[in-house]
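As provided, entry.cif (mmCIF, C-alpha atoms and all ligand atoms) reads as follows.
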data_entry
loop_
_atom_site.label_atom_id
_atom_site.label_comp_id
_atom_site.auth_asym_id
_atom_site.auth_seq_id
_atom_site.Cartn_x
_atom_site.Cartn_y
_atom_site.Cartn_z
CA MET A 1 -31.73 34.54 6.11
CA GLN A 2 -28.43 32.64 6.21
CA PRO A 3 -25.41 34.90 6.80
CA LYS A 4 -23.33 35.20 3.65
CA HIS A 5 -20.13 33.23 3.42
CA LEU A 6 -17.00 35.34 3.09
CA LEU A 7 -16.55 33.90 -0.39
CA GLN A 8 -19.97 35.17 -1.48
CA ILE A 9 -19.11 38.63 -0.16
CA LEU A 10 -15.85 38.48 -2.08
CA LEU A 11 -17.66 37.55 -5.29
CA ASN A 12 -19.82 40.67 -4.98
CA ASP A 13 -16.83 42.94 -4.42
CA THR A 14 -16.58 45.22 -7.46
CA SER A 15 -12.99 46.22 -6.69
CA ILE A 16 -11.63 42.70 -7.07
CA ALA A 17 -9.72 41.85 -10.27
CA GLN A 18 -11.76 40.00 -12.88
CA ARG A 19 -9.30 37.08 -13.02
CA HIS A 20 -9.43 36.70 -9.23
CA LYS A 21 -13.20 36.65 -9.52
CA ILE A 22 -13.26 33.94 -12.18
CA ILE A 23 -11.11 31.71 -9.97
CA ALA A 24 -13.21 32.47 -6.87
CA GLN A 25 -16.35 31.60 -8.85
CA LYS A 26 -14.80 28.30 -9.94
CA VAL A 27 -13.98 27.40 -6.36
CA TYR A 28 -17.50 28.33 -5.28
CA ASN A 29 -18.95 26.18 -8.10
CA ASN A 30 -16.65 23.27 -7.28
CA GLN A 31 -14.84 23.55 -10.62
CA ARG A 32 -11.20 22.75 -11.27
CA ILE A 33 -8.70 25.58 -11.82
CA SER A 34 -6.28 25.39 -14.75
CA PHE A 35 -2.47 25.35 -14.88
CA ASP A 36 -2.38 29.04 -15.88
CA GLU A 37 -4.75 29.95 -13.08
CA GLY A 38 -2.51 28.12 -10.63
CA VAL A 39 0.50 30.14 -11.78
CA TYR A 40 -1.63 33.31 -11.66
CA LEU A 41 -2.55 32.62 -8.02
CA TYR A 42 1.08 32.11 -7.06
CA GLN A 43 2.04 35.34 -8.84
CA HIS A 44 -0.80 37.67 -7.92
CA ALA A 45 -3.09 36.44 -5.13
CA ASN A 46 -2.58 37.75 -1.63
CA LEU A 47 -2.88 35.66 1.52
CA PRO A 48 -6.35 36.82 2.68
CA PHE A 49 -7.88 36.05 -0.74
CA LEU A 50 -6.26 32.60 -0.87
CA GLY A 51 -7.26 31.96 2.73
CA VAL A 52 -10.94 32.57 2.00
CA LEU A 53 -10.87 30.18 -0.97
CA ALA A 54 -8.84 27.44 0.67
CA ASN A 55 -10.76 27.60 3.92
CA TYR A 56 -14.03 27.41 2.00
CA ILE A 57 -12.89 24.09 0.49
CA ARG A 58 -11.45 22.84 3.77
CA VAL A 59 -14.65 23.52 5.70
CA LYS A 60 -16.85 22.08 2.96
CA ARG A 61 -14.85 18.84 3.00
CA HIS A 62 -14.02 18.48 6.67
CA GLY A 63 -15.86 21.12 8.71
CA ASN A 64 -13.60 21.81 11.67
CA ASN A 65 -12.26 18.25 11.78
CA THR A 66 -8.50 18.20 12.21
CA TYR A 67 -6.67 14.91 12.04
CA PHE A 68 -3.52 13.61 13.67
CA ASN A 69 -2.07 10.20 14.37
CA LYS A 70 0.16 8.56 16.93
CA ASN A 71 3.24 7.28 15.21
CA PHE A 72 6.96 6.86 15.60
CA HIS A 73 9.80 7.00 13.12
CA ILE A 74 12.71 4.73 12.33
CA GLU A 75 15.52 6.15 10.24
CA PRO A 76 17.69 3.16 9.32
CA THR A 77 20.68 5.34 8.46
CA ASN A 78 21.74 8.94 7.97
CA LEU A 79 24.24 7.96 5.28
CA CYS A 80 23.26 7.97 1.65
CA VAL A 81 24.73 7.08 -1.73
CA TYR A 82 22.94 10.06 -3.25
CA ASP A 83 23.93 13.66 -3.02
CA CYS A 84 20.79 15.79 -2.93
CA LYS A 85 21.82 19.39 -2.51
CA PHE A 86 19.10 20.20 0.02
CA CYS A 87 19.74 17.21 2.25
CA SER A 88 21.74 17.14 5.44
CA TYR A 89 22.15 13.38 4.91
CA SER A 90 23.91 13.62 1.57
CA LYS A 91 27.29 11.89 1.36
CA LEU A 92 29.37 15.05 1.08
CA ILE A 93 27.97 16.59 4.23
CA LYS A 94 28.07 13.36 6.14
CA GLN A 95 31.74 12.70 5.45
CA LYS A 96 32.38 15.35 8.07
CA ALA A 97 29.97 14.14 10.66
CA GLU A 98 28.82 11.15 12.66
CA GLY A 99 26.80 8.51 10.88
CA TRP A 100 24.65 5.58 12.01
CA GLU A 101 23.58 2.38 10.31
CA TYR A 102 21.03 0.42 12.34
CA THR A 103 21.08 -3.35 12.18
CA MET A 104 17.92 -5.42 11.89
CA ASP A 105 18.04 -6.12 15.64
CA GLU A 106 18.47 -2.44 16.49
CA MET A 107 15.44 -1.52 14.40
CA LEU A 108 13.36 -4.24 16.02
CA THR A 109 14.44 -2.98 19.42
CA ILE A 110 13.08 0.45 18.49
CA VAL A 111 9.77 -1.17 17.54
CA LYS A 112 9.70 -3.13 20.82
CA ASN A 113 10.34 0.05 22.81
CA TYR A 114 6.84 1.14 21.77
CA ASP A 115 5.15 -2.09 22.87
CA SER A 116 3.29 -0.46 25.74
CA GLN A 117 2.31 2.63 23.76
CA ALA A 118 -0.87 3.14 21.77
CA VAL A 119 0.86 4.03 18.51
CA SER A 120 -0.85 2.91 15.30
CA GLU A 121 1.93 3.51 12.74
CA VAL A 122 5.66 3.18 12.21
CA HIS A 123 7.08 5.53 9.56
CA ILE A 124 10.35 4.15 8.16
CA VAL A 125 12.54 6.30 5.92
CA GLY A 126 16.18 7.34 5.78
CA GLY A 127 19.25 7.31 3.56
CA VAL A 128 19.98 4.81 0.78
CA LEU A 129 22.84 2.32 1.28
CA PRO A 130 23.66 -0.96 -0.55
CA GLN A 131 23.25 -3.22 2.50
CA TYR A 132 19.64 -2.10 2.89
CA ASP A 133 18.52 -4.11 -0.10
CA MET A 134 15.24 -5.73 -1.05
CA GLU A 135 15.87 -8.81 1.06
CA PHE A 136 16.71 -6.70 4.10
CA TYR A 137 13.48 -4.72 3.89
CA ILE A 138 11.36 -7.83 3.19
CA ASN A 139 12.74 -9.35 6.38
CA LEU A 140 12.32 -6.11 8.33
CA PHE A 141 8.64 -5.79 7.37
CA LYS A 142 7.99 -9.47 8.12
CA ASN A 143 9.73 -9.25 11.49
CA ILE A 144 7.76 -6.14 12.48
CA LYS A 145 4.48 -7.80 11.49
CA ASN A 146 5.39 -10.98 13.38
CA HIS A 147 6.03 -8.94 16.47
CA ARG A 148 3.06 -6.53 16.25
CA PRO A 149 0.63 -7.42 13.47
CA SER A 150 -1.64 -4.40 14.02
CA LEU A 151 1.14 -1.85 13.60
CA HIS A 152 0.71 -0.10 10.24
CA ILE A 153 3.98 -0.04 8.28
CA LYS A 154 4.33 3.17 6.25
CA ALA A 155 7.73 2.75 4.73
CA LEU A 156 10.26 3.86 2.14
CA THR A 157 9.76 6.03 -0.90
CA PRO A 158 10.20 5.45 -4.64
CA VAL A 159 13.80 6.62 -4.13
CA GLU A 160 14.55 3.47 -2.10
CA TYR A 161 12.23 1.22 -4.11
CA HIS A 162 13.76 2.25 -7.44
CA TYR A 163 17.23 1.55 -6.01
CA ILE A 164 16.47 -1.85 -4.42
CA PHE A 165 14.34 -3.14 -7.32
CA LYS A 166 17.05 -2.24 -9.82
CA LYS A 167 19.62 -4.07 -7.72
CA ALA A 168 17.32 -7.10 -7.37
CA LYS A 169 16.45 -6.95 -11.09
CA VAL A 170 12.69 -6.85 -10.58
CA ASP A 171 10.27 -4.47 -12.27
CA TYR A 172 8.22 -1.96 -10.26
CA ALA A 173 4.95 -3.92 -10.41
CA THR A 174 6.55 -7.16 -9.21
CA GLY A 175 8.60 -5.34 -6.59
CA MET A 176 5.63 -3.54 -5.05
CA GLN A 177 3.63 -6.80 -4.93
CA ILE A 178 6.54 -8.46 -3.08
CA MET A 179 6.73 -5.56 -0.57
CA LYS A 180 2.98 -5.75 -0.02
CA ASP A 181 3.22 -9.48 0.63
CA ALA A 182 6.02 -8.82 3.12
CA GLY A 183 3.80 -6.50 5.18
CA LEU A 184 4.09 -3.01 3.69
CA ASP A 185 0.81 -1.19 4.36
CA SER A 186 1.34 2.21 2.77
CA MET A 187 3.93 4.50 1.24
CA PRO A 188 4.88 7.91 2.66
CA GLY A 189 5.10 10.90 0.35
CA GLY A 190 8.85 11.58 0.38
CA GLY A 191 11.31 11.71 -2.47
CA ALA A 192 9.01 13.69 -4.76
CA GLU A 193 10.94 16.97 -4.34
CA ILE A 194 10.10 18.78 -7.60
CA PHE A 195 9.28 16.65 -10.65
CA ALA A 196 10.44 19.14 -13.34
CA PRO A 197 13.67 17.58 -14.76
CA GLU A 198 15.49 20.93 -15.09
CA ILE A 199 15.18 21.50 -11.32
CA ARG A 200 15.44 17.87 -10.17
CA GLN A 201 18.66 17.47 -12.15
CA ILE A 202 20.25 20.25 -10.10
CA ILE A 203 18.98 19.48 -6.60
CA ALA A 204 18.52 15.69 -6.67
CA LYS A 205 20.40 14.22 -9.58
CA ASP A 206 20.92 10.45 -9.94
CA LYS A 207 18.04 9.32 -7.78
CA CYS A 208 14.72 8.27 -9.34
CA THR A 209 13.21 10.75 -11.78
CA GLY A 210 9.87 12.44 -11.29
CA GLN A 211 8.28 10.05 -13.81
CA GLN A 212 9.72 7.02 -12.00
CA TRP A 213 8.42 8.38 -8.68
CA LEU A 214 4.95 8.66 -10.20
CA GLN A 215 5.16 5.22 -11.82
CA ILE A 216 6.02 3.48 -8.53
CA HIS A 217 3.02 5.15 -6.85
CA ARG A 218 0.87 4.14 -9.82
CA GLU A 219 1.89 0.47 -9.43
CA TRP A 220 1.27 0.64 -5.67
CA HIS A 221 -2.18 2.16 -6.18
CA LYS A 222 -3.02 -0.53 -8.75
CA LEU A 223 -2.65 -3.05 -5.92
CA GLY A 224 -5.44 -1.19 -4.12
CA MET A 225 -2.99 0.43 -1.72
CA ARG A 226 -2.67 4.04 -0.52
CA SER A 227 0.15 6.55 -0.34
CA ASN A 228 0.95 10.22 0.27
CA ALA A 229 2.64 12.84 -1.87
CA THR A 230 4.96 15.72 -1.02
CA MET A 231 6.53 18.72 -2.74
CA LEU A 232 9.79 20.31 -1.60
CA TYR A 233 9.38 24.03 -2.29
CA GLY A 234 11.08 27.34 -1.59
CA HIS A 235 14.53 26.75 -3.12
CA ILE A 236 15.45 27.28 -6.80
CA GLU A 237 12.12 26.31 -8.34
CA GLU A 238 9.79 28.82 -9.99
CA PHE A 239 6.04 29.01 -9.49
CA LYS A 240 5.45 27.21 -12.78
CA HIS A 241 7.44 24.23 -11.46
CA ARG A 242 5.25 24.04 -8.37
CA VAL A 243 2.10 24.10 -10.48
CA ASP A 244 3.56 21.47 -12.83
CA HIS A 245 4.21 19.27 -9.77
CA LEU A 246 0.64 19.73 -8.52
CA GLU A 247 -0.71 19.10 -12.03
CA GLN A 248 1.12 15.76 -12.33
CA LEU A 249 -0.14 14.65 -8.93
CA ARG A 250 -3.69 15.70 -9.81
CA ASN A 251 -3.51 13.71 -13.06
CA LEU A 252 -2.28 10.55 -11.36
CA GLN A 253 -4.93 10.94 -8.67
CA ASP A 254 -7.62 11.18 -11.37
CA GLU A 255 -6.30 7.88 -12.71
CA THR A 256 -5.82 5.87 -9.50
CA LYS A 257 -7.46 7.69 -6.55
CA GLY A 258 -4.69 6.21 -4.42
CA PHE A 259 -3.29 9.33 -2.74
CA GLN A 260 -4.57 10.23 0.69
CA ALA A 261 -2.70 13.37 1.67
CA PHE A 262 -0.53 16.03 0.09
CA ILE A 263 2.24 17.43 2.28
CA PRO A 264 4.08 20.57 1.15
CA LEU A 265 7.62 20.49 2.59
CA LYS A 266 9.25 23.86 3.14
CA PHE A 267 12.93 23.83 2.21
CA ARG A 268 15.09 24.34 5.31
CA ASN A 269 18.56 25.69 4.71
CA HIS A 270 20.67 24.51 7.63
CA ASP A 271 23.71 22.25 7.17
CA ASN A 272 23.25 21.40 3.51
CA GLN A 273 24.65 22.46 0.15
CA MET A 274 21.91 25.04 -0.45
CA SER A 275 22.43 26.94 2.79
CA HIS A 276 22.95 30.16 0.85
CA ILE A 277 19.28 30.17 -0.18
CA THR A 278 16.96 32.23 2.00
CA GLU A 279 14.04 30.23 3.35
CA SER A 280 10.47 31.08 2.35
CA THR A 281 8.47 33.35 4.63
CA VAL A 282 5.54 32.17 6.74
CA VAL A 283 3.26 34.15 4.41
CA GLU A 284 4.59 32.22 1.41
CA ASP A 285 4.21 28.94 3.31
CA LEU A 286 0.56 29.71 4.00
CA ARG A 287 -0.06 30.83 0.40
CA ASN A 288 1.46 27.55 -0.73
CA TYR A 289 -0.82 25.48 1.54
CA ALA A 290 -3.82 27.42 0.27
CA ILE A 291 -2.97 27.05 -3.43
CA SER A 292 -2.30 23.34 -2.92
CA ARG A 293 -5.75 22.98 -1.34
CA ILE A 294 -7.35 24.85 -4.24
CA TYR A 295 -5.44 23.05 -7.00
CA LEU A 296 -5.64 19.49 -5.70
CA ASP A 297 -9.40 19.22 -5.86
CA ASN A 298 -9.19 15.40 -5.91
CA PHE A 299 -7.05 15.01 -2.77
CA ASP A 300 -8.91 14.41 0.48
CA HIS A 301 -6.27 15.81 2.82
CA ILE A 302 -3.67 18.56 2.95
CA LYS A 303 -1.18 17.97 5.72
CA SER A 304 1.22 20.37 7.40
CA TYR A 305 4.12 18.66 9.06
CA TRP A 306 4.32 20.46 12.39
CA ALA A 307 7.71 19.01 13.34
CA MET A 308 9.19 20.82 10.36
CA ILE A 309 7.31 24.12 10.24
CA GLY A 310 6.75 24.55 13.98
CA ARG A 311 3.65 24.66 16.12
CA ASN A 312 2.64 28.25 15.33
CA THR A 313 2.68 27.90 11.55
CA ALA A 314 0.96 24.51 11.87
CA GLN A 315 -1.82 26.22 13.84
CA LEU A 316 -2.13 29.00 11.28
CA SER A 317 -2.17 26.52 8.40
CA LEU A 318 -5.44 25.07 9.72
CA ASN A 319 -7.16 28.20 8.39
CA PHE A 320 -5.41 27.98 5.00
CA GLY A 321 -6.62 24.63 3.70
CA VAL A 322 -4.82 22.20 6.00
CA ASP A 323 -6.86 19.57 7.86
CA ASP A 324 -4.12 17.24 9.14
CA ILE A 325 -1.02 17.93 11.21
CA ASP A 326 0.62 14.50 11.16
CA GLY A 327 1.53 12.80 14.40
CA THR A 328 2.88 12.77 17.86
CA LEU A 329 6.56 12.08 17.48
CA ASP A 330 9.49 11.24 19.59
CA ASP A 331 12.84 12.79 18.78
CA THR A 332 14.15 10.15 16.39
CA THR A 333 13.39 12.25 13.31
CA LYS A 334 16.76 13.79 12.65
CA ILE A 335 16.64 14.79 8.99
CA TYR A 336 14.62 17.89 9.87
CA SER A 337 16.44 18.97 12.99
CA LEU A 338 19.66 18.83 11.00
CA ALA A 339 18.17 20.89 8.18
CA GLY A 340 16.97 23.58 10.58
CA ALA A 341 13.44 22.55 11.52
CA GLU A 342 11.63 24.78 14.01
CA GLU A 343 11.37 21.84 16.36
CA GLN A 344 14.80 20.63 17.41
CA HIS A 345 13.18 17.95 19.59
CA PRO A 346 9.95 17.26 17.75
CA ALA A 347 7.96 15.55 20.48
CA MET A 348 4.41 16.50 21.34
CA SER A 349 2.18 14.66 23.74
CA THR A 350 -1.37 13.86 22.72
CA ARG A 351 -2.60 16.52 25.11
CA GLU A 352 -0.33 19.18 23.60
CA LEU A 353 -1.46 18.26 20.10
CA VAL A 354 -5.12 18.29 21.12
CA ASP A 355 -4.69 21.68 22.85
CA LEU A 356 -2.91 23.08 19.80
CA ILE A 357 -5.86 22.11 17.59
CA LYS A 358 -8.61 23.14 20.03
CA SER A 359 -7.10 26.54 20.72
CA VAL A 360 -7.84 27.62 17.14
CA GLY A 361 -11.42 26.39 17.34
CA LYS A 362 -10.88 23.10 15.51
CA LYS A 363 -11.93 19.58 16.40
CA PRO A 364 -9.07 17.14 17.14
CA LEU A 365 -9.52 13.64 15.80
CA GLU A 366 -6.96 10.92 16.24
CA ARG A 367 -6.92 8.80 13.09
CA ASP A 368 -5.11 5.73 11.87
CA THR A 369 -3.02 5.91 8.69
CA LEU A 370 -6.05 5.26 6.49
CA TYR A 371 -8.11 7.99 8.23
CA HIS A 372 -10.34 5.75 10.30
CA ILE A 373 -11.16 7.67 13.47
CA ILE A 374 -9.60 6.21 16.60
CA THR A 375 -10.59 8.90 19.15
CA ASP A 376 -12.66 12.06 18.94
CA TYR A 377 -10.94 14.40 21.40
CA GLU A 378 -13.44 17.24 21.21
CA ASN A 379 -14.96 16.52 24.60
CA VAL A 380 -12.24 14.41 26.13
CA ALA A 381 -11.03 15.82 29.45
CA PHE A 382 -7.49 14.93 30.37
CA THR A 383 -7.08 13.75 33.94
CA ASP A 384 -4.97 16.76 34.88
CA ASP A 385 -7.50 19.17 33.31
CA ALA A 386 -8.10 21.47 36.25
CA LYS A 387 -8.98 24.22 33.81
CA PRO A 388 -8.65 24.44 30.05
CA SER A 389 -5.13 25.21 28.88
CA TYR A 390 -6.49 27.18 25.94
CA TYR A 391 -9.08 29.84 25.28
CA ALA A 392 -11.58 28.78 22.66
CA LEU A 393 -12.15 31.68 20.30
CA PRO A 394 -15.06 32.10 17.95
CA VAL A 395 -13.87 31.14 14.48
CA LEU A 396 -15.17 32.61 11.24
CA ASN A 397 -15.36 30.09 8.43
O1 LIG B 401 11.83 13.44 0.58
C1 LIG B 401 15.01 16.54 3.11
C2 LIG B 401 12.52 16.22 2.67
C3 LIG B 401 11.39 14.28 2.80
C4 LIG B 401 15.02 18.66 3.59
O2 LIG B 401 3.97 10.80 4.01
C5 LIG B 401 13.70 18.25 3.41
O3 LIG B 401 3.12 11.14 5.96
C6 LIG B 401 12.98 20.38 3.80
O4 LIG B 401 8.40 12.85 2.93
N1 LIG B 401 14.23 20.85 3.97
C7 LIG B 401 11.05 13.09 3.66
N2 LIG B 401 12.67 19.10 3.52
C8 LIG B 401 9.91 13.38 4.62
C9 LIG B 401 8.55 13.07 4.11
C10 LIG B 401 7.38 13.02 5.02
C11 LIG B 401 7.37 13.70 6.22
C12 LIG B 401 6.25 13.62 7.04
C13 LIG B 401 5.16 12.84 6.70
C14 LIG B 401 5.20 12.16 5.49
C15 LIG B 401 4.03 11.31 5.13
C16 LIG B 401 6.29 12.25 4.64
O5 LIG B 401 12.04 15.28 3.57
C17 LIG B 401 12.37 14.06 1.69
C18 LIG B 401 12.75 15.49 1.35
O6 LIG B 401 11.85 16.02 0.41
N3 LIG B 401 13.73 16.94 3.09
N4 LIG B 401 15.82 17.59 3.43
C19 LIG B 401 15.27 20.02 3.86
N5 LIG B 401 16.52 20.51 3.98
FE1 LIG B 402 19.63 10.52 0.22
FE2 LIG B 402 17.05 11.13 0.46
FE3 LIG B 402 18.93 12.80 1.39
FE4 LIG B 402 18.62 12.51 -1.23
S1 LIG B 402 17.07 13.36 0.21
S2 LIG B 402 20.61 12.50 -0.11
S3 LIG B 402 18.07 10.36 -1.39
S4 LIG B 402 18.50 10.75 2.17
#
Would you write out, as structure tokens, the structure that this file holds?
Ligand code: V47
Ligand code: SF4
Amino acid sequence: MQPKHLLQILLNDTSIAQRHKIIAQKVYNNQRISFDEGVYLYQHANLPFLGVLANYIRVKRHGNNTYFNKNFHIEPTNLCVYDCKFCSYSKLIKQKAEGWEYTMDEMLTIVKNYDSQAVSEVHIVGGVLPQYDMEFYINLFKNIKNHRPSLHIKALTPVEYHYIFKKAKVDYATGMQIMKDAGLDSMPGGGAEIFAPEIRQIIAKDKCTGQQWLQIHREWHKLGMRSNATMLYGHIEEFKHRVDHLEQLRNLQDETKGFQAFIPLKFRNHDNQMSHITESTVVEDLRNYAISRIYLDNFDHIKSYWAMIGRNTAQLSLNFGVDDIDGTLDDTTKIYSLAGAEEQHPAMSTRELVDLIKSVGKKPLERDTLYHIITDYENVAFTDDAKPSYYALPVLN
């Protein structure tokens, strides 16, 4: 007889609340949970319960597969015309500090610095400034592609696109087609924050609205292209706002199927205008990963961004619905270190990343941006592998 899955044991537990049981049964039957059930989970479900449900889905979809990629970041500038309250790049904060504004040549030099490295993706995102207009980015993408055609360009968010298209007087559909023709391969998930207008108006006023963010992704997906989605949580939003955010993403995904990964971004409170807000606990972070995994039944991947949450929470998250931990990075990603990320110098070698994944009994797979497998590291021995740097533990799914 097959041993019972933890979820089956849970379903037979007579002490468990009826509402918990209905949700657990839905997950077991591969049924979608409702908005109210999402809010209920945030309000009442404890971490072990959520972990069993989310891990059930994670293992059913991916087994122990855990994805990462080799990428590098370019942040064109840390100055910005907007004034998001959570951001260490906002204009008010930056008036007091050092700023940078890379030229085209400086950005291309960064790209060239990686010529001898086996990176598959460049992730470009930063502040919004008038000189970085549509023409600038068209030329940047073309120049990168001329230099290294195989490098995947994952660049800019609807915040930048809304701004540059408005300035260039082109509509979203035309604008995204032009960016595609210039060499844009995919869109990262940033700028989503929280869609609910009553929250967005306070923390990120003036930049694109939630509906505009969704519309730009919709137009991009209509071109057959892929993108990611994020949610900035743990500040002034309520649970209902998080579920509303997930609901809107789930609806758009039903329509276009263009999202690849959802990345919850934990609000960090250092050096910004919301520093008085206490950050969420690790328990809340894990609950949030788990509920995201349960709610977004039409998303393939849930990603934890290790550079932001730290290696330990990233490891833990792999048992709470997460199957991707982003990439190996150098230390050019400053937005997080400024905001108080765990990793002040977010660099991890491939070996470190592989060890981090293996040490919790998972299977490390290097992927490209579109989730094609580049290398299966399960049985790869590193040349300096005298003995394993981790202890493989039996893992209960
Ligand atoms: O949109 C800014 C966030 C985002 C803070 O698609 C903050 O693969 C927490 O979207 N605390 C940009 N978060 C980063 C992003 C991203 C990261 C990694 C991978 C991908 C991907 C996308 O960073 C911004 C904003 O929501 N952010 N300040 C802060 N204080
Ligand atoms: Fe500018 Fe983005 Fe920071 Fe807002 S979050 S101030 S748009 S860099």
Surrounding residues as a PDB file with C-alpha atoms, in the coordinates of the input, ligand LIG 402 (chain B), max 7 Å, only C-alpha atoms and all ligand atoms:
ATOM      1  CA  ASN A  78      21.740   8.940   7.970  1.00  0.00           C
ATOM      2  CA  CYS A  80      23.260   7.970   1.650  1.00  0.00           C
ATOM      3  CA  VAL A  81      24.730   7.080  -1.730  1.00  0.00           C
ATOM      4  CA  TYR A  82      22.940  10.060  -3.250  1.00  0.00           C
ATOM      5  CA  ASP A  83      23.930  13.660  -3.020  1.00  0.00           C
ATOM      6  CA  CYS A  84      20.790  15.790  -2.930  1.00  0.00           C
ATOM      7  CA  CYS A  87      19.740  17.210   2.250  1.00  0.00           C
ATOM      8  CA  SER A  88      21.740  17.140   5.440  1.00  0.00           C
ATOM      9  CA  TYR A  89      22.150  13.380   4.910  1.00  0.00           C
ATOM     10  CA  SER A  90      23.910  13.620   1.570  1.00  0.00           C
ATOM     11  CA  LYS A  91      27.290  11.890   1.360  1.00  0.00           C
ATOM     12  CA  GLY A 126      16.180   7.340   5.780  1.00  0.00           C
ATOM     13  CA  GLY A 127      19.250   7.310   3.560  1.00  0.00           C
ATOM     14  CA  VAL A 128      19.980   4.810   0.780  1.00  0.00           C
ATOM     15  CA  VAL A 159      13.800   6.620  -4.130  1.00  0.00           C
ATOM     16  CA  GLY A 191      11.310  11.710  -2.470  1.00  0.00           C
ATOM     17  CA  ALA A 204      18.520  15.690  -6.670  1.00  0.00           C
ATOM     18  CA  LYS A 207      18.040   9.320  -7.780  1.00  0.00           C
TER      19      LYS A 207
END
- Task: Find the residues near Gln215 in chain A: any atom within 10 Å, counting all atoms listed in the file, skip ones fewer than 6 places away on the same chain, and give them as number ranges by chain.
- Result: A: 158, 172-173, 209, 221, 252
- Test item: residues lying within 6 Å of ligand LIG 401 (chain B) with all atoms listed in the file, as a count of residues only: 17
- Query: Which residues come within 9 Å of Leu246 in chain A, counting only C-alpha atoms, excluding same-chain residues fewer than 5 positions away, as a PyMOL selection string?
  - Reply: chain A and resi 231+241+251+292+295-296
- Query: Looking at A:Gly99, A:Gly321, A:Gly224, A:Pro364, which one is nearest to Asp285 in chain A, with distances taken over all atoms listed in the file?
  - Reply: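 Smallest separation from Asp285 in chain A among the options: A:Gly321.
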- Identify, on the basis of only C-alpha atoms, every residue whose closest approach to Asp254 in chain A does not exceed 10 Å; exclude the query and any residue fewer than 4 positions from it along the same chain; express the result as a list in words. Gln248, Leu249, Arg250, Gly258, Phe259, Asp297, Asn298 and Phe299 of chain A
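The nearest approach to Thr350 in chain A among the residues A:Ile138, A:Ala261, A:Val243, A:Val119, with only C-alpha atoms taken into account, belongs to A:Val119.
Using only C-alpha atoms for every distance, the candidate list A:Gln8, A:Ser116, A:Thr157, A:Gln212 yields A:Thr157 as the residue closest to Ala229 in chain A.
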- Using all atoms listed in the file, which of the listed residues (A:Leu108, A:Ile33, A:Ile236, A:Ala168) sits closest to His276 in chain A?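 Between A:Leu108, A:Ile33, A:Ile236, A:Ala168, the residue approaching His276 in chain A most closely is A:Ile236.
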- Task: With a distance cut-off of 10 Å and only C-alpha atoms, select the neighbouring residues of Asp300 in chain A, excluding the residue or stretch itself and same-chain residues fewer than 5 positions from it, and output the selection as a ChimeraX atom specification.
- Result: /A:58,61-62,257,259-262,293,323
- Item | Nearest candidate to Pro149 in chain A (options A:Leu129, A:Leu184, A:Leu11, A:Ile178; using all atoms listed in the file) | A:Leu184
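With only C-alpha atoms as the atoms that count, the minimum distance from Trp306 in chain A to the choices A:Glu255, A:Pro130, A:Phe68, A:Gln211 is reached by A:Phe68.
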- How far is it from CA of Glu378 in chain A to CA of Val360 in chain A, in Å with one decimal?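 Distance between the two atoms: 12.5 Å.
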- Suppose you want the space between CA of Tyr102 in chain A and CA of Glu160 in chain A; what is it in Å? 16.1 Å
